[in-house]
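For reference, protein.txt (compact mmCIF, C-alpha atoms):
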# COMPACT_ATOMS: atom_id res chain seq x y z
CA MET A 1 -10.06 -50.67 174.53
CA GLN A 2 -8.66 -50.53 178.05
CA ASP A 3 -11.21 -53.17 179.16
CA VAL A 4 -10.05 -55.49 176.35
CA ILE A 5 -6.40 -55.02 177.35
CA GLU A 6 -7.27 -55.70 180.99
CA MET A 7 -9.17 -58.85 180.01
CA HIS A 8 -6.16 -60.09 177.97
CA LEU A 9 -3.82 -59.29 180.85
CA LYS A 10 -5.95 -61.23 183.35
CA LEU A 11 -6.18 -64.22 181.01
CA LEU A 12 -2.46 -64.14 180.30
CA PHE A 13 -1.68 -64.02 183.99
CA ASP A 14 -4.04 -66.93 184.77
CA LEU A 15 -2.53 -69.01 181.94
CA ASP A 16 0.97 -68.30 183.22
CA ASN A 17 -0.09 -69.51 186.66
CA LEU A 18 -1.64 -72.60 185.09
CA ILE A 19 1.63 -73.36 183.26
CA ALA A 20 3.63 -72.78 186.48
CA ASP A 21 1.36 -75.10 188.48
CA MET A 22 1.69 -77.88 185.90
CA GLU A 23 5.43 -77.85 186.53
CA GLU A 24 5.09 -77.98 190.33
CA PRO A 25 6.21 -81.37 191.74
CA SER A 26 3.42 -81.19 194.36
CA TYR A 27 0.86 -80.74 191.58
CA LYS A 28 2.24 -83.66 189.60
CA LYS A 29 2.04 -85.82 192.73
CA ILE A 30 -1.75 -85.32 192.94
CA GLY A 31 -2.00 -87.41 189.80
CA PHE A 32 -3.86 -85.47 187.10
CA LYS A 33 -2.83 -86.59 183.64
CA ILE A 34 -1.35 -83.85 181.45
CA GLU A 35 -0.94 -84.29 177.71
CA ASP A 36 2.50 -83.07 176.51
CA GLU A 37 1.18 -81.83 173.18
CA ALA A 38 -1.56 -79.87 174.95
CA SER A 39 1.03 -78.25 177.24
CA LEU A 40 2.91 -76.95 174.19
CA GLU A 41 -0.35 -75.72 172.69
CA LEU A 42 -1.10 -73.85 175.93
CA ILE A 43 2.28 -72.09 175.71
CA ARG A 44 1.49 -71.16 172.08
CA LYS A 45 -1.89 -69.73 173.14
CA ARG A 46 -0.21 -67.80 175.95
CA ASN A 47 2.26 -66.28 173.48
CA GLN A 48 -0.58 -65.32 171.13
CA LEU A 49 -2.31 -63.57 174.01
CA LEU A 50 0.89 -61.69 174.84
CA LYS A 51 1.04 -60.41 171.24
CA LYS A 52 -2.44 -58.92 171.64
CA LEU A 53 -1.13 -56.52 174.29
CA PRO A 54 0.45 -53.17 173.35
CA GLN A 55 4.15 -53.87 172.75
CA GLU A 56 5.42 -51.79 175.66
CA LEU A 57 3.02 -53.44 178.12
CA ALA A 58 3.88 -56.90 176.81
CA GLN A 59 7.59 -56.22 177.28
CA ARG A 60 7.01 -54.87 180.77
CA TYR A 61 4.89 -57.95 181.62
CA GLU A 62 7.65 -60.30 180.49
CA ILE A 63 10.35 -58.45 182.43
CA LEU A 64 8.20 -58.48 185.59
CA LYS A 65 7.37 -62.15 185.13
CA LYS A 66 11.05 -62.99 184.82
CA ARG A 67 11.87 -60.95 187.91
CA TYR A 68 9.00 -61.95 190.20
CA ARG A 69 7.35 -65.00 188.57
CA GLN A 70 4.02 -63.14 188.92
CA ALA A 71 3.88 -59.87 186.97
CA ILE A 72 0.54 -58.69 188.37
CA ALA A 73 -0.31 -58.01 191.99
CA PRO A 74 -3.80 -57.45 193.40
CA VAL A 75 -4.44 -54.43 195.59
CA GLU A 76 -5.97 -55.12 198.97
CA SER A 77 -6.65 -52.70 201.81
CA GLU A 78 -4.41 -50.06 200.22
CA PHE A 79 -1.48 -52.52 199.88
CA CYS A 80 0.22 -54.03 196.85
CA LEU A 81 0.02 -57.79 197.47
CA GLY A 82 3.24 -58.26 195.51
CA CYS A 83 5.57 -56.33 197.81
CA PHE A 84 3.16 -55.62 200.71
CA GLN A 85 3.94 -51.90 200.61
CA LYS A 86 1.23 -49.35 201.24
CA LEU A 87 0.28 -47.55 198.05
CA PRO A 88 0.30 -43.73 197.83
CA THR A 89 -3.12 -42.16 198.30
CA GLU A 90 -3.28 -40.88 194.71
CA LEU A 91 -3.15 -44.48 193.44
CA LEU A 92 -5.90 -45.81 195.67
CA THR A 93 -8.81 -44.90 193.44
CA ARG A 94 -9.31 -47.56 190.83
CA SER A 95 -8.34 -46.15 187.50
CA LYS A 96 -9.04 -47.27 183.97
CA ASP A 97 -5.33 -46.99 183.19
CA ILE A 98 -2.78 -49.75 183.69
CA ILE A 99 -0.96 -48.74 186.88
CA THR A 100 2.20 -50.18 188.35
CA CYS A 101 3.29 -50.32 191.98
CA PRO A 102 5.72 -47.45 192.63
CA ASN A 103 7.73 -49.72 194.93
CA CYS A 104 8.10 -53.06 193.12
CA GLY A 105 6.89 -52.14 189.63
CA ARG A 106 4.30 -54.94 189.38
CA ILE A 107 1.15 -54.20 187.41
CA LEU A 108 -1.60 -53.48 189.93
CA TYR A 109 -5.02 -55.08 189.80
CA TRP A 110 -8.13 -54.03 191.68
CA ARG A 111 -10.54 -56.93 192.11
CA GLU A 112 -14.23 -56.42 191.40
CA LYS A 113 -16.31 -56.57 194.55
CA SER A 114 -18.65 -59.58 194.35
CA MET B 1 -7.66 -76.56 206.88
CA ASN B 2 -10.84 -78.60 207.06
CA LEU B 3 -12.45 -79.02 203.64
CA ALA B 4 -16.02 -79.02 204.96
CA SER B 5 -15.34 -75.56 206.41
CA LEU B 6 -14.56 -74.29 202.91
CA LEU B 7 -17.94 -75.47 201.61
CA SER B 8 -21.10 -73.47 202.00
CA LYS B 9 -24.57 -74.84 201.35
CA ASP B 10 -25.36 -72.17 198.75
CA ARG B 11 -22.37 -73.41 196.74
CA VAL B 12 -23.53 -77.05 196.80
CA ASN B 13 -26.01 -77.66 194.00
CA LEU B 14 -27.32 -81.22 194.08
CA SER B 15 -29.69 -80.66 191.18
CA LEU B 16 -27.28 -79.15 188.70
CA LYS B 17 -28.69 -79.05 185.18
CA PRO B 18 -27.03 -81.74 183.06
CA GLY B 19 -25.53 -80.48 179.83
CA LYS B 20 -22.29 -80.14 177.92
CA LYS B 21 -19.12 -80.14 180.01
CA ASP B 22 -18.39 -76.46 179.22
CA ASP B 23 -21.91 -75.37 180.21
CA VAL B 24 -21.84 -77.27 183.48
CA ILE B 25 -18.46 -75.72 184.37
CA LYS B 26 -19.90 -72.30 183.46
CA ASP B 27 -22.95 -72.82 185.71
CA LEU B 28 -20.72 -73.67 188.65
CA VAL B 29 -18.40 -70.71 188.03
CA TYR B 30 -21.38 -68.33 187.96
CA SER B 31 -22.32 -69.51 191.44
CA ILE B 32 -18.99 -67.97 192.54
CA LYS B 33 -18.46 -64.95 190.26
CA LYS B 34 -20.41 -62.99 187.65
CA GLY B 35 -19.63 -60.90 184.57
CA THR B 36 -16.17 -60.61 183.03
CA ASP B 37 -14.56 -62.13 186.14
CA ALA B 38 -16.59 -65.30 185.56
CA GLU B 39 -15.59 -65.26 181.86
CA VAL B 40 -11.90 -65.14 182.80
CA ILE B 41 -12.29 -68.09 185.19
CA VAL B 42 -14.30 -70.16 182.68
CA SER B 43 -11.70 -69.49 179.99
CA THR B 44 -8.82 -70.59 182.26
CA LEU B 45 -10.70 -73.69 183.45
CA LEU B 46 -11.43 -74.74 179.87
CA LYS B 47 -7.78 -74.23 178.94
CA ARG B 48 -6.92 -76.46 181.91
CA GLU B 49 -9.34 -79.10 180.62
CA GLU B 50 -7.57 -79.01 177.23
CA LEU B 51 -4.38 -80.14 178.98
CA GLY B 52 -6.13 -83.30 180.10
CA SER B 53 -9.53 -83.89 181.63
CA THR B 54 -9.93 -83.34 185.35
CA GLY B 55 -12.45 -86.18 185.33
CA ILE B 56 -10.61 -88.49 187.73
CA GLY B 57 -12.83 -91.47 186.98
CA LYS B 58 -15.82 -93.28 188.47
CA GLY B 59 -18.18 -90.36 188.00
CA ILE B 60 -16.23 -87.51 189.60
CA ALA B 61 -14.47 -84.47 188.11
CA ILE B 62 -12.42 -81.76 189.79
CA PRO B 63 -11.98 -78.75 187.48
CA HIS B 64 -9.52 -76.30 189.01
CA CYS B 65 -7.32 -73.28 188.37
CA ARG B 66 -5.84 -70.19 189.94
CA SER B 67 -7.30 -66.84 189.01
CA LEU B 68 -6.38 -63.25 189.66
CA VAL B 69 -10.05 -62.38 190.08
CA VAL B 70 -10.61 -64.31 193.33
CA GLU B 71 -9.21 -63.23 196.67
CA LYS B 72 -9.58 -66.52 198.53
CA LEU B 73 -9.96 -70.21 197.79
CA GLU B 74 -13.45 -70.75 196.38
CA ILE B 75 -15.16 -74.12 196.02
CA ALA B 76 -18.46 -75.00 194.37
CA VAL B 77 -19.96 -78.47 194.11
CA GLY B 78 -22.50 -79.69 191.60
CA ARG B 79 -24.26 -83.02 191.14
CA THR B 80 -26.18 -83.63 187.95
CA SER B 81 -29.31 -85.76 187.82
CA LYS B 82 -27.98 -87.49 184.71
CA PRO B 83 -24.25 -88.22 184.23
CA ILE B 84 -22.55 -86.00 181.66
CA SER B 85 -19.67 -86.60 179.29
CA PHE B 86 -16.39 -85.19 180.69
CA ASN B 87 -13.69 -87.08 178.73
CA SER B 88 -12.66 -88.62 182.05
CA ILE B 89 -9.62 -90.85 182.34
CA ASP B 90 -11.84 -93.95 182.56
CA LYS B 91 -14.06 -92.60 179.72
CA LYS B 92 -17.08 -92.84 182.04
CA PRO B 93 -19.53 -89.95 182.42
CA VAL B 94 -19.50 -87.71 185.46
CA SER B 95 -22.21 -86.68 187.89
CA LEU B 96 -20.31 -85.13 190.81
CA ILE B 97 -18.14 -82.07 190.18
CA PHE B 98 -15.92 -80.22 192.63
CA LEU B 99 -14.85 -76.86 191.23
CA ILE B 100 -11.89 -75.12 192.85
CA ILE B 101 -10.59 -71.61 192.17
CA ALA B 102 -7.62 -70.25 194.06
CA PRO B 103 -6.01 -66.82 194.17
CA PRO B 104 -2.51 -66.50 192.69
CA GLN B 105 -1.00 -65.45 196.01
CA ASP B 106 -1.51 -68.45 198.19
CA PRO B 107 0.41 -68.59 201.47
CA GLY B 108 1.25 -72.15 202.48
CA ASN B 109 0.17 -73.47 199.08
CA GLN B 110 -3.36 -74.06 200.40
CA TYR B 111 -4.62 -74.60 196.86
CA LEU B 112 -2.57 -77.70 196.07
CA ILE B 113 -3.11 -79.11 199.56
CA THR B 114 -6.89 -78.69 199.20
CA LEU B 115 -6.81 -80.11 195.69
CA GLY B 116 -4.98 -83.20 196.95
CA LYS B 117 -7.45 -83.55 199.80
CA ILE B 118 -10.44 -83.36 197.44
CA VAL B 119 -8.92 -86.08 195.25
CA GLN B 120 -8.58 -88.31 198.33
CA ILE B 121 -12.15 -87.60 199.44
CA ALA B 122 -13.45 -88.17 195.92
CA LYS B 123 -11.77 -91.59 195.87
CA GLU B 124 -13.49 -92.47 199.17
CA ILE B 125 -16.85 -91.34 197.76
CA THR B 126 -16.48 -93.64 194.76
CA LYS B 127 -15.07 -96.53 196.79
CA LYS B 128 -18.07 -96.45 199.14
CA ASN B 129 -20.51 -95.60 196.36
CA LEU B 130 -21.67 -92.39 198.04
CA ILE B 131 -22.16 -90.07 195.04
CA GLN B 132 -25.96 -90.11 195.36
CA GLN B 133 -26.01 -90.45 199.18
CA ALA B 134 -26.68 -86.83 200.27
CA LYS B 135 -30.18 -85.48 199.74
CA THR B 136 -29.49 -81.90 200.81
CA PRO B 137 -26.45 -79.57 200.71
CA GLU B 138 -26.24 -79.80 204.51
CA GLU B 139 -26.10 -83.61 204.28
CA PHE B 140 -23.44 -83.34 201.59
CA ILE B 141 -21.22 -81.11 203.74
CA ALA B 142 -21.73 -83.45 206.72
CA LEU B 143 -20.74 -86.41 204.50
CA ILE B 144 -17.55 -84.63 203.41
CA ASN B 145 -16.79 -83.85 207.04
CA ASP B 146 -17.23 -87.53 208.03
CA ILE B 147 -15.02 -88.78 205.20
CA GLU B 148 -12.36 -86.20 206.04
CA LYS B 149 -12.36 -87.22 209.71
CA GLY B 150 -12.04 -90.87 208.67
CA LEU B 151 -9.07 -90.07 206.47
CA THR B 152 -7.37 -88.08 209.24
CA LYS B 153 -7.83 -90.96 211.73
CA ARG B 154 -6.27 -93.40 209.28
CA LYS B 155 -3.05 -91.35 209.07
Starting from the file, lay out its structure as structure tokens.
Amino acid sequence: MQDVIEMHLKLLFDLDNLIADMEEPSYKKIGFKIEDEASLELIRKRNQLLKKLPQELAQRYEILKKRYRQAIAPVESEFCLGCFQKLPTELLTRSKDIITCPNCGRILYWREKS
Amino acid sequence: MNLASLLSKDRVNLSLKPGKKDDVIKDLVYSIKKGTDAEVIVSTLLKREELGSTGIGKGIAIPHCRSLVVEKLEIAVGRTSKPISFNSIDKKPVSLIFLIIAPPQDPGNQYLITLGKIVQIAKEITKKNLIQQAKTPEEFIALINDIEKGLTKRK
């Protein structure tokens, strides 16, 4: 179950970044054509994905997104890449649970090693 | 940042298997990531394609997105032996594909700068009819380097 939630979270986050990029003037300048109807459909799909998350997590995601633009922060070399604060030792082992940064509150994400 | 320096020969596949657009994108993604990470990237790229094809015309496509699962800008290039349908803006099939995945945190907006640069280089490739020019990945990277230098001189 946790894996499914994590997958939905990652997809939601990537879609939110996609939507944000589409609105960037420097992206528009590059010249890719974006269909208006498809943009609305993307927002609908993003909202559907949000509904698949447990309610409390979905609400937290939305609050964080509003506050920081990006609700999730990767963890790198013991640091939260959202606020660049060192994480407490007890958080450094990747856990199956959804964990938030004790400093900024962003949802933390440990990347898979490729 | 120099584009050629972001390319590595093991990420340049000049004999990419032709197929459906989704499958070709998937093949390129799997040269960068595997497992559920690759699934997340493929899903986001296909959602991006639904917004409007990244086939920029004259045989070239540049699928792109940001993804939480990558920690640095990743580029893969594929050239298919037969052109494939990509719903490009000029409706013509595609045989050269630049795939770009960027991390969400991106100091200096490297992603959009690189994307813009690839579009410029792609236009040069089509203008000079160079899609089939390189025979090896090393030649391809050298070609990109030459085009990039030419563009820099022109500025």
Tell me which of A:Leu87, A:Ile107, A:Ile63, A:Ile98 sits closest to chain B, counting only C-alpha atoms.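 Checking each candidate against chain B, we get A:Ile107 as the closest.
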Counting all atoms listed in the file, which residue out of A:Lys65, A:Lys10, A:Leu108, A:Asp97 sits closest to Cys83 (chain A)?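 Smallest distance to Cys83 (chain A) is found for A:Leu108.
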In Å to one decimal, how far is CA of Gly31 (chain A) from CA of Arg69 (chain A)?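 The value is 24.3 Å.
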Please, which residues in region 13-111 of chain B fall within 10 Å of region 16-26 of chain A when counting all atoms listed in the file, and what is the closest atom pair and distance in Å to one decimal for each, ordered by chain then residue number, as CSV?
residue,atom,partner,partner_atom,distance
B:Thr44,CA,A:Leu18,CA,8.0
B:Leu45,CA,A:Leu18,CA,9.3
B:Lys47,CA,A:Leu18,CA,8.8
B:Arg48,CA,A:Leu18,CA,7.3
B:Leu51,CA,A:Met22,CA,9.5
B:His64,CA,A:Leu18,CA,9.5
B:Cys65,CA,A:Leu18,CA,6.6
B:Arg66,CA,A:Asn17,CA,6.7
B:Ser67,CA,A:Asn17,CA,8.0
B:Leu68,CA,A:Asn17,CA,9.4
B:Pro103,CA,A:Asn17,CA,9.9
B:Pro104,CA,A:Asn17,CA,7.2
B:Asn109,CA,A:Ser26,CA,9.6
Using only C-alpha atoms, find all polymer residues with an atom at most 10 Å away from the point (-10.2, -65.6, 179.7); report them as a count of residues only. 23
Go ahead and compute the interatomic distance for CA of Ile62 (chain B) and CA of Lys117 (chain B), in Å to one decimal.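 So the answer is 11.3 Å.
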Between B:Gly57, B:Gly19, B:Gly52, B:Pro83, single out the one closest to chain A, counting all atoms listed in the file. B:Gly52
Shell around Glu112 (chain A) at 10 Å using only C-alpha atoms, local window under 2 positions removed, as a ChimeraX atom specification: /A:109-110,114 /B:33-37,69-71
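The residue that comes closest to chain B, out of A:Glu62, A:Glu35, A:Glu90, A:Glu6 and on the basis of all atoms listed in the file, is A:Glu35.
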Correct to one decimal, the distance CA of Gln59 (chain A)-CA of Leu42 (chain A) is 19.7 Å
B:Asp27, B:Asp106, B:Glu50, B:Glu124 ranked by distance to Arg79 (chain B), top pick (using all atoms listed in the file): B:Asp27
Could you give me, as a list of chain:residue names, the residues that have an atom at most 8 Å away from the point (2.1, -52.6, 197.6) in the coordinates of the file, using all atoms listed in the file?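 It turns out the residues near that spot are A:Val75, A:Glu78, A:Phe79, A:Cys80, A:Leu81, A:Gly82, A:Cys83, A:Phe84, A:Gln85, A:Lys86, A:Leu87, A:Cys101, A:Asn103, A:Cys104.
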